[in-house]
Amino acid sequence: MAIRYIKRGKTIEQKADADAQVQAVVRGILADINERKDAAVRELSRKFDNWNPTDFKLSAAEIEAVISTLPAQAVSDIKFAQAQVRNFAEAQRSALTDIEVETLPGVVLGHKNIPVNRVGCYVPGGRYPMVASAHMSVVTAKTAGVKHIIACTPPINGELPAATIAAMRFGGADDIYILGGVQALAAMAYGALGIEPVDMIVGPGNAYVAEAKRQLFGLVGIDLLAGPTEVLIVADETADAEMVAVDLLGQAEHGPTSPAVLLTTSPALAESIEAEIGSQLESLPTADLAGVAWRDYGEVILVDTDEEMVQVADDIASEHVEILTRDPNYFLENMSNYGALFLGAETNVAYGDKVIGTNHTLPTKKAGRYTGGLWVGKFIKTVTYQRVSEEASALIGEYGSRLCDLEGFMGHKEQCDLRVRRYSTTLK
C-alpha cells in the first residue's frame, strides 16, 4: 500500500515527551488533594482559576438567578439540544433489557441492568464554555437512571458560566459545583468540599483532565480517556477544499494539540488543502489556536484507493471521522475503528458535538480500537445471578467437582461435593 504524507504532524516521540510531563504534574496534584483534601482543592482553584468562594456548591437560588440572566432563545436552544440527546439515549436504554433463561432443567441464569448510584460529571471550561458537554454527560446519566449526579465546571474569567449551569440544571444534575480541572475530578473521587465520593467520573477535558481520569481509574469508574479532540476527514475527488478546510479547522480550534487529518485519494485536494487552510485562517476568529494545531498536529495523507483509505483510517482510529466521498456507506460498512462517523457532506462534527443527539464524549488516542463513546450503557452495570433446583445442583456439582479437582482447587471442590452429597440424598 502506497501511503504518501503530504504533511506530517509531531512525531510519536515528541508526543510521548509531552505526555510524560503531564503525567508527573497530575500525579503530584492528586497526591496533594488525597492528603489535604479541601485545603489543597482551594489552593489549586485559586491558583488555576483565581476562584476561592466561601462555598463552591451553588445554591438553588444562585442557580435560578444565573439562569434568569440568559436570553430566552438560549434557554430554548439548550432545551432543544437536550431533547435530541435524551431521545437518542432513551432509544439506546430501551435496547438494554434484563434477561432470565433456564439453560438446563432447574438451572436459571439471568442478568439485570443496574444504574451506577453516584456519578460525577465534569464539564470543561477554559477558553470555551462547553455547554454541550453537560447535555452529553448529565442528560445521559439521568436517562440511564443514575440516582445522584454531581456536576462540576470551572468559572470563565472569574464569572459563573450561565449557559453551562443552565444546561446542568435542565439536564438533571442534583448538585452543581463551580470547580475546574484536576482538582474537580479529585474532589469528586476522593471526597472534598462536602462532596461524598462518587462511583464514577465522566466527561471530556484537556490532557490534564484525561490523565487525572486515567490515574483515578480503579478508585472510581470512568467513561473513557477523552483527551484533546481529533478529526479525520476521509475524502475523494468529489469533496471540495473549502468544506474540508472548514471542517478540519472547526475541530482544530479546540486547542493547540488537537490533531486534524485529511486522508484522501485525490492528489488535487491533497495539494490544495494547505493553501485553503491558510486562506481561512486569515479570517477565522480562533486562528490563534486552530493555526497552531494545524501546524503541529495537522496531517495530509494521500493513498490510491477507497480500500486503502479504510485501512489507514482504521489504523488512525480517530475520535471523529467525516466521510466526504461518493459512497459514504462503503465506509460505514467496512470501517471498524472510530469514535463516531459523520456520513456525507450534509452532516459534520459540529452537529454531533452540539445538537443532533449522538454523544460527543468519544475515544481518542486510538482508543476507538476497543471502546465506543459515552452512552447510557456506560452508566449501567450488567450483573448476573443464578437460581438452581436441588436436582440440578446435584448434577452441576458432579461436573464442578471434577473440574475443580482438575485445577487443584480443593476448597472449591468441597463446595460442589457438599451439594452433591446433600441434594443427591434428598432426591433419593
# chains A, B, ... in the order shown; residues from 1 in each chain; ligands from 1

call {"tool": "residues_around", "arguments": {"residues": "Gln215 in chain A", "least_positions_apart": "6", "cutoff": "10 Å", "atoms": "only C-alpha atoms", "output": "short mmCIF file (atom, residue, chain, number, x, y, z; two decimals) with all heavy atoms, in the first residue's frame"}}
result
data_model
loop_
_atom_site.label_atom_id
_atom_site.label_comp_id
_atom_site.auth_asym_id
_atom_site.auth_seq_id
_atom_site.Cartn_x
_atom_site.Cartn_y
_atom_site.Cartn_z
N GLN A 23 1.75 13.56 32.99
CA GLN A 23 1.58 12.50 33.99
C GLN A 23 2.19 12.88 35.33
O GLN A 23 1.60 12.67 36.39
CB GLN A 23 2.20 11.20 33.49
CG GLN A 23 1.44 10.54 32.35
CD GLN A 23 2.20 9.39 31.72
OE1 GLN A 23 3.17 8.90 32.30
NE2 GLN A 23 1.78 8.96 30.55
N VAL A 26 0.11 15.71 37.10
CA VAL A 26 -1.16 15.20 37.62
C VAL A 26 -0.94 14.32 38.83
O VAL A 26 -1.68 14.39 39.82
CB VAL A 26 -1.93 14.44 36.52
CG1 VAL A 26 -3.14 13.71 37.10
CG2 VAL A 26 -2.38 15.41 35.42
N ARG A 27 0.08 13.48 38.79
CA ARG A 27 0.37 12.60 39.93
C ARG A 27 0.59 13.41 41.20
O ARG A 27 0.09 13.07 42.28
CB ARG A 27 1.59 11.74 39.62
CG ARG A 27 1.83 10.63 40.64
CD ARG A 27 2.98 9.73 40.22
NE ARG A 27 2.70 9.08 38.95
CZ ARG A 27 3.32 9.34 37.79
NH1 ARG A 27 4.26 10.27 37.75
NH2 ARG A 27 2.99 8.70 36.69
N LEU A 30 -2.84 15.02 42.42
CA LEU A 30 -3.74 14.04 43.03
C LEU A 30 -3.25 13.62 44.42
O LEU A 30 -4.05 13.48 45.36
CB LEU A 30 -3.87 12.81 42.13
CG LEU A 30 -4.61 13.00 40.81
CD1 LEU A 30 -4.65 11.70 40.02
CD2 LEU A 30 -6.02 13.53 41.02
N VAL A 209 -6.91 16.71 32.46
CA VAL A 209 -8.15 16.07 32.90
C VAL A 209 -8.16 14.60 32.48
O VAL A 209 -8.50 13.70 33.26
CB VAL A 209 -9.37 16.81 32.34
CG1 VAL A 209 -10.65 15.99 32.52
CG2 VAL A 209 -9.53 18.17 33.01
#

call {"tool": "residues_around", "arguments": {"residues": "Arg86 in chain A", "least_positions_apart": "5", "cutoff": "12 Å", "atoms": "only C-alpha atoms", "output": "list of chain:residue names"}}
result
A:Lys79, A:Phe80, A:Ala81, A:Ala91, A:Gln92, A:Arg93, A:Ala134, A:His135, A:Met136, A:Ser137, A:Val138, A:Val139, A:Thr140, A:Ala141, A:Lys142, A:Thr143, A:Ala144, A:Phe170, A:Gly171, A:Gly172, A:Val355, A:Ile356, A:Gly357, A:Thr358, A:Asn359, A:Trp375, A:Val376

call {"tool": "write_last_selection", "arguments": {"atoms": "N, CA, C and O atoms", "output": "compact mmCIF listing (two decimals), in the first residue's frame"}}
result
# COMPACT_ATOMS: atom_id res chain seq x y z
N LYS A 79 -32.57 23.58 25.65
CA LYS A 79 -33.59 22.55 25.86
C LYS A 79 -33.83 21.73 24.60
O LYS A 79 -34.09 20.51 24.67
N PHE A 80 -33.75 22.36 23.42
CA PHE A 80 -33.87 21.62 22.17
C PHE A 80 -32.76 20.60 22.03
O PHE A 80 -33.00 19.42 21.73
N ALA A 81 -31.52 21.03 22.27
CA ALA A 81 -30.38 20.11 22.16
C ALA A 81 -30.51 18.96 23.15
O ALA A 81 -30.26 17.80 22.81
N ALA A 91 -33.74 5.72 23.45
CA ALA A 91 -33.79 4.61 22.49
C ALA A 91 -32.69 3.60 22.79
O ALA A 91 -32.90 2.38 22.72
N GLN A 92 -31.49 4.10 23.13
CA GLN A 92 -30.40 3.21 23.48
C GLN A 92 -30.72 2.44 24.76
O GLN A 92 -30.45 1.24 24.86
N ARG A 93 -31.31 3.13 25.74
CA ARG A 93 -31.64 2.47 27.01
C ARG A 93 -32.64 1.34 26.79
O ARG A 93 -32.55 0.28 27.44
N ALA A 134 -22.49 19.25 29.10
CA ALA A 134 -23.49 18.99 30.14
C ALA A 134 -24.61 18.13 29.60
O ALA A 134 -25.11 17.22 30.29
N HIS A 135 -25.03 18.39 28.36
CA HIS A 135 -26.06 17.54 27.77
C HIS A 135 -25.57 16.09 27.71
O HIS A 135 -26.29 15.16 28.07
N MET A 136 -24.34 15.95 27.23
CA MET A 136 -23.83 14.62 26.92
C MET A 136 -23.62 13.76 28.16
O MET A 136 -23.82 12.54 28.12
N SER A 137 -23.22 14.37 29.27
CA SER A 137 -22.97 13.60 30.47
C SER A 137 -24.17 13.57 31.41
O SER A 137 -24.67 12.50 31.78
N VAL A 138 -24.68 14.74 31.77
CA VAL A 138 -25.76 14.81 32.77
C VAL A 138 -27.05 14.19 32.23
O VAL A 138 -27.68 13.35 32.89
N VAL A 139 -27.46 14.60 31.04
CA VAL A 139 -28.71 14.08 30.46
C VAL A 139 -28.62 12.56 30.27
O VAL A 139 -29.56 11.82 30.58
N THR A 140 -27.48 12.10 29.79
CA THR A 140 -27.32 10.66 29.54
C THR A 140 -27.33 9.88 30.84
O THR A 140 -27.96 8.81 30.93
N ALA A 141 -26.65 10.38 31.87
CA ALA A 141 -26.66 9.71 33.18
C ALA A 141 -28.07 9.66 33.76
O ALA A 141 -28.50 8.64 34.31
N LYS A 142 -28.79 10.76 33.64
CA LYS A 142 -30.17 10.83 34.15
C LYS A 142 -31.06 9.82 33.42
O LYS A 142 -31.86 9.11 34.04
N THR A 143 -30.91 9.74 32.11
CA THR A 143 -31.70 8.81 31.32
C THR A 143 -31.39 7.37 31.69
O THR A 143 -32.27 6.50 31.67
N ALA A 144 -30.13 7.11 32.06
CA ALA A 144 -29.73 5.77 32.46
C ALA A 144 -30.32 5.38 33.81
O ALA A 144 -30.38 4.20 34.14
N PHE A 170 -31.03 21.89 33.82
CA PHE A 170 -32.06 21.34 32.95
C PHE A 170 -31.83 19.84 32.70
O PHE A 170 -32.77 19.07 32.54
N GLY A 171 -30.56 19.45 32.67
CA GLY A 171 -30.23 18.05 32.40
C GLY A 171 -30.54 17.13 33.56
O GLY A 171 -30.67 15.93 33.37
N GLY A 172 -30.61 17.68 34.78
CA GLY A 172 -30.96 16.86 35.93
C GLY A 172 -29.89 16.70 36.97
O GLY A 172 -29.97 15.80 37.82
N VAL A 355 -25.64 19.26 19.00
CA VAL A 355 -27.11 19.33 18.94
C VAL A 355 -27.82 18.10 18.42
O VAL A 355 -28.97 17.87 18.78
N ILE A 356 -27.22 17.26 17.61
CA ILE A 356 -28.02 16.29 16.86
C ILE A 356 -28.52 15.13 17.70
O ILE A 356 -29.54 14.51 17.38
N GLY A 357 -27.79 14.79 18.79
CA GLY A 357 -28.30 13.76 19.69
C GLY A 357 -27.35 12.62 19.99
O GLY A 357 -27.47 11.97 21.02
N THR A 358 -26.40 12.32 19.09
CA THR A 358 -25.37 11.34 19.42
C THR A 358 -24.40 11.99 20.40
O THR A 358 -24.25 13.20 20.43
N ASN A 359 -23.73 11.17 21.20
CA ASN A 359 -22.90 11.72 22.27
C ASN A 359 -21.55 12.19 21.75
O ASN A 359 -20.95 11.56 20.88
N TRP A 375 -22.38 6.60 26.45
CA TRP A 375 -23.80 6.36 26.16
C TRP A 375 -24.43 5.84 27.43
O TRP A 375 -23.74 5.63 28.44
N VAL A 376 -25.74 5.62 27.41
CA VAL A 376 -26.41 5.20 28.64
C VAL A 376 -25.82 3.92 29.21
O VAL A 376 -25.77 3.73 30.43

call {"tool": "closest_residue", "arguments": {"among": "A:Gly181, A:Leu418, A:Asn117, A:Leu232", "to": "Pro197 in chain A", "atoms": "only C-alpha atoms"}}
result
A:Asn117

call {"tool": "residues_around", "arguments": {"residues": "range 315-326 of chain A", "least_positions_apart": "3", "cutoff": "7 Å", "atoms": "only C-alpha atoms", "output": "mmCIF file with N, CA, C and O atoms, in the first residue's frame"}}
result
data_model
loop_
_atom_site.group_PDB
_atom_site.id
_atom_site.type_symbol
_atom_site.label_atom_id
_atom_site.label_comp_id
_atom_site.auth_asym_id
_atom_site.auth_seq_id
_atom_site.Cartn_x
_atom_site.Cartn_y
_atom_site.Cartn_z
ATOM 1 N N THR A 229 -9.366 16.751 21.339
ATOM 2 C CA THR A 229 -10.228 16.236 20.283
ATOM 3 C C THR A 229 -9.461 15.958 18.999
ATOM 4 O O THR A 229 -8.415 16.565 18.726
ATOM 5 N N GLU A 230 -9.987 15.033 18.212
ATOM 6 C CA GLU A 230 -9.366 14.623 16.956
ATOM 7 C C GLU A 230 -10.410 14.617 15.851
ATOM 8 O O GLU A 230 -11.572 14.299 16.097
ATOM 9 N N VAL A 231 -9.965 14.924 14.630
ATOM 10 C CA VAL A 231 -10.847 14.774 13.475
ATOM 11 C C VAL A 231 -10.050 14.190 12.324
ATOM 12 O O VAL A 231 -8.894 14.551 12.083
ATOM 13 N N LEU A 232 -10.675 13.249 11.646
ATOM 14 C CA LEU A 232 -10.141 12.675 10.419
ATOM 15 C C LEU A 232 -11.183 12.874 9.333
ATOM 16 O O LEU A 232 -12.346 12.500 9.510
ATOM 17 N N ILE A 233 -10.773 13.488 8.244
ATOM 18 C CA ILE A 233 -11.680 13.632 7.099
ATOM 19 C C ILE A 233 -11.210 12.705 5.989
ATOM 20 O O ILE A 233 -10.069 12.784 5.536
ATOM 21 N N VAL A 234 -12.106 11.809 5.613
ATOM 22 C CA VAL A 234 -11.839 10.852 4.541
ATOM 23 C C VAL A 234 -12.545 11.384 3.301
ATOM 24 O O VAL A 234 -13.778 11.520 3.289
ATOM 25 N N ALA A 235 -11.776 11.697 2.265
ATOM 26 C CA ALA A 235 -12.351 12.402 1.117
ATOM 27 C C ALA A 235 -11.807 11.867 -0.194
ATOM 28 O O ALA A 235 -10.644 11.441 -0.278
ATOM 29 N N ASP A 236 -12.647 11.902 -1.218
ATOM 30 C CA ASP A 236 -12.189 11.591 -2.573
ATOM 31 C C ASP A 236 -12.312 12.839 -3.440
ATOM 32 O O ASP A 236 -12.485 13.958 -2.924
ATOM 33 N N THR A 238 -14.681 13.977 -5.063
ATOM 34 C CA THR A 238 -15.972 14.662 -5.035
ATOM 35 C C THR A 238 -16.040 15.721 -3.935
ATOM 36 O O THR A 238 -16.963 16.525 -3.915
ATOM 37 N N ALA A 239 -15.099 15.701 -3.005
ATOM 38 C CA ALA A 239 -15.084 16.684 -1.910
ATOM 39 C C ALA A 239 -14.440 17.978 -2.386
ATOM 40 O O ALA A 239 -13.566 17.974 -3.258
ATOM 41 N N GLN A 311 -8.191 1.114 5.438
ATOM 42 C CA GLN A 311 -7.090 0.554 6.225
ATOM 43 C C GLN A 311 -6.380 1.630 7.032
ATOM 44 O O GLN A 311 -6.103 1.445 8.228
ATOM 45 N N VAL A 312 -6.079 2.744 6.391
ATOM 46 C CA VAL A 312 -5.366 3.819 7.088
ATOM 47 C C VAL A 312 -6.261 4.452 8.151
ATOM 48 O O VAL A 312 -5.821 4.746 9.266
ATOM 49 N N ASN A 337 -12.758 1.025 13.400
ATOM 50 C CA ASN A 337 -12.104 1.751 14.492
ATOM 51 C C ASN A 337 -12.361 3.257 14.388
ATOM 52 O O ASN A 337 -11.742 3.936 13.573
ATOM 53 N N TYR A 338 -13.268 3.749 15.224
ATOM 54 C CA TYR A 338 -13.558 5.184 15.252
ATOM 55 C C TYR A 338 -14.452 5.467 16.445
ATOM 56 O O TYR A 338 -15.046 4.548 17.035
ATOM 57 N N GLY A 339 -14.568 6.744 16.787
ATOM 58 C CA GLY A 339 -15.489 7.140 17.842
ATOM 59 C C GLY A 339 -16.881 7.386 17.301
ATOM 60 O O GLY A 339 -17.871 6.873 17.815
ATOM 61 N N ALA A 340 -16.967 8.185 16.238
ATOM 62 C CA ALA A 340 -18.253 8.466 15.596
ATOM 63 C C ALA A 340 -18.010 8.753 14.122
ATOM 64 O O ALA A 340 -17.017 9.382 13.754
ATOM 65 N N LEU A 341 -18.932 8.290 13.290
ATOM 66 C CA LEU A 341 -18.873 8.544 11.851
ATOM 67 C C LEU A 341 -19.896 9.604 11.468
ATOM 68 O O LEU A 341 -21.016 9.630 11.992
ATOM 69 N N PHE A 342 -19.499 10.453 10.537
ATOM 70 C CA PHE A 342 -20.364 11.508 10.001
ATOM 71 C C PHE A 342 -20.408 11.295 8.496
ATOM 72 O O PHE A 342 -19.431 11.556 7.794
ATOM 73 N N LEU A 343 -21.537 10.805 8.020
ATOM 74 C CA LEU A 343 -21.624 10.280 6.667
ATOM 75 C C LEU A 343 -22.193 11.300 5.696
ATOM 76 O O LEU A 343 -23.379 11.627 5.742
ATOM 77 N N GLY A 344 -21.345 11.818 4.820
ATOM 78 C CA GLY A 344 -21.785 12.732 3.783
ATOM 79 C C GLY A 344 -21.599 14.190 4.144
ATOM 80 O O GLY A 344 -21.457 14.562 5.314
ATOM 81 N N ALA A 345 -21.641 15.025 3.111
ATOM 82 C CA ALA A 345 -21.399 16.459 3.285
ATOM 83 C C ALA A 345 -22.499 17.158 4.061
ATOM 84 O O ALA A 345 -22.296 18.252 4.602
ATOM 85 N N ASN A 348 -21.816 16.991 9.896
ATOM 86 C CA ASN A 348 -20.448 17.379 10.259
ATOM 87 C C ASN A 348 -20.255 17.167 11.754
ATOM 88 O O ASN A 348 -21.216 16.899 12.487
ATOM 89 N N VAL A 349 -19.020 17.303 12.214
ATOM 90 C CA VAL A 349 -18.708 17.061 13.615
ATOM 91 C C VAL A 349 -19.430 18.041 14.535
ATOM 92 O O VAL A 349 -19.856 17.687 15.637
ATOM 93 N N LEU A 362 -16.092 10.963 23.241
ATOM 94 C CA LEU A 362 -15.693 9.873 22.361
ATOM 95 C C LEU A 362 -14.236 9.476 22.595
ATOM 96 O O LEU A 362 -13.454 10.263 23.138
ATOM 97 N N PRO A 363 -13.851 8.269 22.178
ATOM 98 C CA PRO A 363 -12.482 7.801 22.406
ATOM 99 C C PRO A 363 -11.452 8.523 21.541
ATOM 100 O O PRO A 363 -11.686 8.761 20.356
ATOM 101 N N THR A 364 -10.323 8.857 22.154
ATOM 102 C CA THR A 364 -9.208 9.490 21.460
ATOM 103 C C THR A 364 -7.959 8.619 21.614
ATOM 104 O O THR A 364 -7.981 7.599 22.282
ATOM 105 N N LYS A 366 -6.403 6.524 19.710
ATOM 106 C CA LYS A 366 -6.566 5.161 19.216
ATOM 107 C C LYS A 366 -7.451 4.273 20.097
ATOM 108 O O LYS A 366 -7.560 3.066 19.867
ATOM 109 N N GLY A 368 -10.477 4.086 20.076
ATOM 110 C CA GLY A 368 -11.570 3.597 19.247
ATOM 111 C C GLY A 368 -11.354 2.166 18.767
ATOM 112 O O GLY A 368 -12.266 1.540 18.243
ATOM 113 N N ARG A 369 -10.143 1.634 18.962
ATOM 114 C CA ARG A 369 -9.883 0.227 18.626
ATOM 115 C C ARG A 369 -10.625 -0.720 19.568
ATOM 116 O O ARG A 369 -10.898 -1.862 19.216
#

call {"tool": "closest_residue", "arguments": {"among": "A:Ala163, A:Phe48, A:Gly377, A:Val22", "to": "Ser94 in chain A", "atoms": "only C-alpha atoms"}}
result
A:Gly377

call {"tool": "select_by_dssp", "arguments": {"residues": "range 95-306 of chain A", "states": "strand (DSSP E)", "output": "ChimeraX atom specification"}}
result
/A:99-104,107-115,118-122,148-153,175-178,200-202,221-222,231-235,260-264,298-302

call {"tool": "atom_distance", "arguments": {"atom1": "CA of Ala74 in chain A", "atom2": "CA of Ala132 in chain A"}}
result
12.3 Å

call {"tool": "select_by_dssp", "arguments": {"residues": "range 53-276 of chain A", "states": "alpha helix (DSSP H)", "output": "PyMOL selection string"}}
result
chain A and resi 60-67+72-94+131-134+140-144+162-171+181-186+207-216+241-252+267-276

call {"tool": "atom_distance", "arguments": {"atom1": "CA of Ile6 in chain A", "atom2": "CA of Thr305 in chain A"}}
result
16.4 Å

call {"tool": "atom_distance", "arguments": {"atom1": "CA of Gly250 in chain A", "atom2": "CA of Leu262 in chain A"}}
result
13.2 Å

call {"tool": "closest_residue", "arguments": {"among": "A:Met168, A:Val108, A:Ile201, A:Val261", "to": "Asp247 in chain A", "atoms": "only C-alpha atoms"}}
result
A:Val261

call {"tool": "decode", "arguments": {"residues": "range 392-408 of chain A", "atoms": "N, CA and C atoms", "output": "PDB file, in the first residue's frame"}}
result
ATOM      1  N   ALA A 392     -30.874 -30.116  39.955  1.00  0.00           N
ATOM      2  CA  ALA A 392     -29.871 -29.510  39.079  1.00  0.00           C
ATOM      3  C   ALA A 392     -28.559 -29.271  39.824  1.00  0.00           C
ATOM      4  N   SER A 393     -28.651 -28.935  41.114  1.00  0.00           N
ATOM      5  CA  SER A 393     -27.444 -28.700  41.909  1.00  0.00           C
ATOM      6  C   SER A 393     -26.626 -29.977  42.008  1.00  0.00           C
ATOM      7  N   ALA A 394     -27.287 -31.118  42.208  1.00  0.00           N
ATOM      8  CA  ALA A 394     -26.581 -32.394  42.283  1.00  0.00           C
ATOM      9  C   ALA A 394     -25.874 -32.704  40.967  1.00  0.00           C
ATOM     10  N   LEU A 395     -26.534 -32.405  39.852  1.00  0.00           N
ATOM     11  CA  LEU A 395     -25.933 -32.660  38.541  1.00  0.00           C
ATOM     12  C   LEU A 395     -24.753 -31.722  38.276  1.00  0.00           C
ATOM     13  N   ILE A 396     -24.958 -30.432  38.458  1.00  0.00           N
ATOM     14  CA  ILE A 396     -23.905 -29.456  38.202  1.00  0.00           C
ATOM     15  C   ILE A 396     -22.731 -29.703  39.151  1.00  0.00           C
ATOM     16  N   GLY A 397     -23.046 -30.113  40.402  1.00  0.00           N
ATOM     17  CA  GLY A 397     -22.000 -30.358  41.388  1.00  0.00           C
ATOM     18  C   GLY A 397     -21.038 -31.450  40.974  1.00  0.00           C
ATOM     19  N   GLU A 398     -21.540 -32.485  40.307  1.00  0.00           N
ATOM     20  CA  GLU A 398     -20.652 -33.563  39.853  1.00  0.00           C
ATOM     21  C   GLU A 398     -19.643 -33.049  38.836  1.00  0.00           C
ATOM     22  N   TYR A 399     -20.119 -32.262  37.863  1.00  0.00           N
ATOM     23  CA  TYR A 399     -19.210 -31.660  36.887  1.00  0.00           C
ATOM     24  C   TYR A 399     -18.251 -30.688  37.564  1.00  0.00           C
ATOM     25  N   GLY A 400     -18.805 -29.844  38.435  1.00  0.00           N
ATOM     26  CA  GLY A 400     -17.983 -28.849  39.113  1.00  0.00           C
ATOM     27  C   GLY A 400     -16.898 -29.486  39.955  1.00  0.00           C
ATOM     28  N   SER A 401     -17.221 -30.572  40.649  1.00  0.00           N
ATOM     29  CA  SER A 401     -16.237 -31.252  41.494  1.00  0.00           C
ATOM     30  C   SER A 401     -15.047 -31.725  40.672  1.00  0.00           C
ATOM     31  N   ARG A 402     -15.329 -32.380  39.552  1.00  0.00           N
ATOM     32  CA  ARG A 402     -14.233 -32.885  38.722  1.00  0.00           C
ATOM     33  C   ARG A 402     -13.405 -31.743  38.121  1.00  0.00           C
ATOM     34  N   LEU A 403     -14.064 -30.669  37.712  1.00  0.00           N
ATOM     35  CA  LEU A 403     -13.336 -29.537  37.125  1.00  0.00           C
ATOM     36  C   LEU A 403     -12.489 -28.818  38.163  1.00  0.00           C
ATOM     37  N   CYS A 404     -12.980 -28.719  39.405  1.00  0.00           N
ATOM     38  CA  CYS A 404     -12.178 -28.104  40.469  1.00  0.00           C
ATOM     39  C   CYS A 404     -10.962 -28.966  40.783  1.00  0.00           C
ATOM     40  N   ASP A 405     -11.168 -30.281  40.800  1.00  0.00           N
ATOM     41  CA  ASP A 405     -10.059 -31.207  41.052  1.00  0.00           C
ATOM     42  C   ASP A 405      -9.007 -31.091  39.960  1.00  0.00           C
ATOM     43  N   LEU A 406      -9.441 -30.889  38.742  1.00  0.00           N
ATOM     44  CA  LEU A 406      -8.536 -30.734  37.604  1.00  0.00           C
ATOM     45  C   LEU A 406      -7.585 -29.554  37.799  1.00  0.00           C
ATOM     46  N   GLU A 407      -8.103 -28.501  38.446  1.00  0.00           N
ATOM     47  CA  GLU A 407      -7.308 -27.293  38.677  1.00  0.00           C
ATOM     48  C   GLU A 407      -6.632 -27.272  40.042  1.00  0.00           C
ATOM     49  N   GLY A 408      -6.945 -28.219  40.891  1.00  0.00           N
ATOM     50  CA  GLY A 408      -6.331 -28.250  42.206  1.00  0.00           C
ATOM     51  C   GLY A 408      -7.007 -27.373  43.240  1.00  0.00           C
TER      52      GLY A 408
END
